[in-house]
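Chemist: I have a structure here, written as structure tokens, and I will follow up with some questions on it.
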Amino acid sequence: MNIQQMKYVIAVANNGSFREAAKKLFVSQPSLSTGIKELETELGINLFTRTNRGAYLTDAGQDFLQRAEKILVQLESLESYYQTSETREMFSVASQHYDFLGPLIAKMMTEFNQEIKQFRIMETTTAKVIEEVREQHSEVGVLYMNEKNQAGIMRYLQQGELVARTIHTFSTHIFLRQGHPLAKQAEIHKKELLAYPQVRFTQDGNNFPYFYEDLIEIPAQESVVYTSDRGTLMNLVLETDAYASGSGIVIGGIKDQIKLIPLADSQPNQLCVIHSGKRTLSVEAQRFIQRLTDLLMNE
């Protein structure tokens with residue numbers, strides 16, 4: 001078995017026929033067919049059901065495809081790991097849900113338009129931010145830590161040979177619509193929020209509270225709405241008496257539509273960037289971290 005045969009199987013599965021797969025891979029159809037047939041003989045299974053209308057994965061083929069895709073993803077990560085900044089064509093950052101990343105990447109698009117052809121912002125769960133950086137899909141990750149989640153997150157970072165750098169310290173803020181009953185207060189206490197629904201980001205690993213992205217946890221809270229999308233969270237806050245928690249750092253038009261009120265007696269939080277401890281950061285990553293640091297200092 002070899003990597004090329006795995007790529008053949010994936011191409012046929014994605015295109016539904018040997019002929020189309022051969023075209024996409026720029027190889028002859030006989031070469032592709034022979035490669036897959038030799039693989040089937042070696043494994044002792046049929047990967048495809050072949051018909052006049054196309055090729056379809058068998059159950060064994062489905063299982064093989066899932067395993068092969070994981071291997072090829074790892075291979076791409078390995079290749080990416082050893083690429084130099086001169087040969088890179090994409091810069092990727094993984095992050096929890098922060099609206100200041102869009103404007104920041106927009107500036108970098110102009111600054112690096114000759115060197116970098118693709119920019120990628122992956123807003124995702126805390127666990128996947130760490131995974132993205134560990135697997136080298138993203139060079140840099142952005143997340144927060146405080147006294148409640150730091151020990152758990154640092155264990156995961158150390159396992160992945162990742163390092164964390166604090167670039168900003170902030171207090172917890174409550175996000176409310178302008179007409180919310182609590183909107184005119186100078187600060188808000190936890191007990192005052194019990195009467196209102198909370199909007200939270202969905203996270204992986206519900207049994208691991210250090211993965212929670214939301215900065216406030218009220219065990220007695222009865223009404224909670226979970227979403228994975230930042231836009232949905234903001235719409236719920238704007239259209240109802242629901243509240244959300246965050247850093248208080250908001251950029252753009254939405255800033256004029258919501259109230260950001262400090263949470264009383266909240267502990268300080270650190271906004272951190274994470275990256276591999278085994279390789280030197282690219283010029284783009286260093287510039288991103290510096291631009292992000294400057295942006296947060298001015299907010």
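Each chain of the structure tokens is named A, B, ... in the order shown, its residues numbered from 1; ligands are numbered from 1 in display order.
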With only C-alpha atoms as the counted atoms, please give the residues lying no more than 10 Å from region 134-143 of chain A, apart from itself and same-chain residues fewer than 4 positions off, as a PyMOL selection string.
Modeler: chain A and resi 73-74+76-81+90-98+101+120-123+125-126+128-130+153+156-157+159-162+164-167+213+270-277+279+281-282+284-286+288-289
Chemist: Using DSSP secondary structure from the backbone, list all alpha helix (DSSP H) positions within region 31-222 of chain A, as an NGL selection string.
Modeler: :A and (31-43 or 59-81 or 101-111 or 126-134 or 150-159)
Chemist: Which one is closest to Thr232 (chain A): A:Met108, A:Leu47, A:Leu57, A:Ala244? Count only C-alpha atoms.
Modeler: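 The answer is A:Ala244, which sits nearest to Thr232 (chain A).
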Chemist: When DSSP is applied to the backbone of this structure, which of region 22-168 of chain A are assigned strand (DSSP E or B)? Write them out as a ChimeraX atom specification.
Modeler: /A:48-51,54-57,90-95,118-123,140-145,162-168
Chemist: May I have the residues within 10 Å of Leu65 (chain A) as a ChimeraX atom specification, using only C-alpha atoms and disregarding those fewer than 6 positions away in the same chain?
Modeler: /A:6-7,9-10,13,47,57,59,71
Chemist: So which residues touch region 257-269 of chain A within 7 Å, counting only C-alpha atoms, skipping near sequence neighbours fewer than 6 positions away, as a ChimeraX atom specification?
Modeler: /A:144-146,169-178,183,186-189,248
